[in-house]
Amino acid sequence: MGTGDTADAIRTTHYETAVVAAASLWSAGCWIRAGLLAAMWVTLCWMPADELLRAAACLTVATAGVLLAFTHTSEEALDRLDRLPGAGRLAAHLSTTQGRATVDASGLAEGLGMALATTLYVGVTPVHGLPAPLRTAGAVLAIGYVWDAVLQAVIDPGWYNREQPPDRGMRIFRPTIPVILAGLVTAFVWPWSDTGHEVPSAVLVLLAASPLLYYPAWAAFDVLLRSSAAQVLRATTQSRESAGTDIHSLIKSPLVLLHQHVLDREPELAEIRRLSWAAILNVEAVRRDLSGVAPPLDAPQTFDELWRTFTAIVPATDKPRMTVDAASMSVVLSPTDFQLTQRVLPDLATNALRSGASEVSVACRKTIRGGVREVHVEVTDNGPGIAATTSIAPTADGTLPGHLPGGPAGSLRALEAGLRRYDGAITLVDRSATGARGTWAHARWREQDRIGLRPVTEPTTEPTTEPVTGPATARVRGGEG
């Protein structure tokens, strides 16, 4: 992915994350404002009779605004509004302003309603005869309503919309919103009449200065948004890498073996059918896993299950070439370790078979090294070796370099990138240095769940001829057991 593509992905993720966050914030904000408005309706119980009509009219405008705000957050509500006679244009307007930094009908109605409602308690024409505590409470409720509504405008996801970005005027307007609103609140709550002096001056000052809190709220939202978007982008990238590894290990490997069998001089039709069906089952298993249909593993599984699954995709003519350490069959793997082994085993073993080796030995074990519990998968073959089969050039300690080419090395590089997230690595050793023939492929990673582990000795750098935790080695031929 190029720099430009990465920047576009980051901006797109910012907007998508903001939309998800705003959905919850908008819904919560609507309910908060509805509660504040309901409390303001209660204050009508203390209103003089000759002011009830005016007060009800002011709060009705605000009520219409909050109802439109609720409608704005729900596609189902917009559909219902669209079916009302004469409301089609309003529904279309609300729909087109979703996800955009612009002024809409619900915001205008809420703003006008609260401006009128504020004048019931303070300002130029406050209602006379209200108890002072009730007047103060009414002013706080009205400004609190405005504060919440405008906050949602300040952090609206439309500011991050790449498809329909706000125009230059709106971008200039956004940083000035707190200052402008602070000026408007000051003008509306200022005690222009003697009645307004019933509200404590300290309360009026706090109400007038409250919009300035948008600046730290805006900054905090942007920090959380950036961190959340970065995490979403990392998770998406890791998910794609894992999906690619799964597709290669669980789908490509059996298809490669099937292709090799078809190229034989006398391929058996029954064997082709069996291998094809095994490949189809693997495709379905990967599809279910990637789509979340497959239930999560809630119990540990053994390496024996993985070995049986893998040998099911190996042609019958190749199975005699493969053996597995008998002690490995009983190794218990946690759900996460089972999935990692499920990716590693097919790749390493298939590469060994493709190299033309006549003997491929597989082992799985657990160790404790330096207080760290690890899982190991080893594949040893007597093929032509690394230099003759791939262009891999391991580093001095045998680990794979970061500039591996394509082909088998490319798949191993993808595998190791996944194992690094679990403090793991893949090591390739050309056994010709020790007088033997072939390659030793070793994958290891930190054990994710401590299941069935017994203390063992430090792992060696070469495959052992005896299991780490037991005496003489017994080997099981591929497809047996």
# chains A, B, ... in the order shown; residues from 1 in each chain; ligands from 1
call {"tool": "residues_around", "arguments": {"residues": "A:Gly65", "least_positions_apart": "5", "cutoff": "7 Å", "atoms": "only C-alpha atoms", "output": "list in words"}}
result
Ser106, Gly107, Ala109 and Glu110 of chain A
call {"tool": "write_last_selection", "arguments": {"atoms": "C-alpha atoms", "output": "CSV table (one decimal), in the first residue's frame"}}
result
chain,number,residue,atom,x,y,z
A,106,SER,CA,-33.7,19.8,13.5
A,107,GLY,CA,-30.8,22.0,14.6
A,109,ALA,CA,-35.8,24.1,15.4
A,110,GLU,CA,-33.9,23.1,18.6
call {"tool": "select_by_dssp", "arguments": {"residues": "stretch 306-401 of chain A", "states": "alpha helix (DSSP H)", "output": "count of residues only"}}
result
30
call {"tool": "closest_residue", "arguments": {"among": "A:Gln231, A:Asp148, A:Gly123, A:Val429", "to": "A:Trp192", "atoms": "only C-alpha atoms"}}
result
A:Gly123
call {"tool": "residues_around", "arguments": {"residues": "A:Ala39", "least_positions_apart": "6", "cutoff": "10 Å", "atoms": "only C-alpha atoms", "output": "list in words"}}
result
Arg33, Ala137, Gly138, Leu141 and Ala142 of chain A
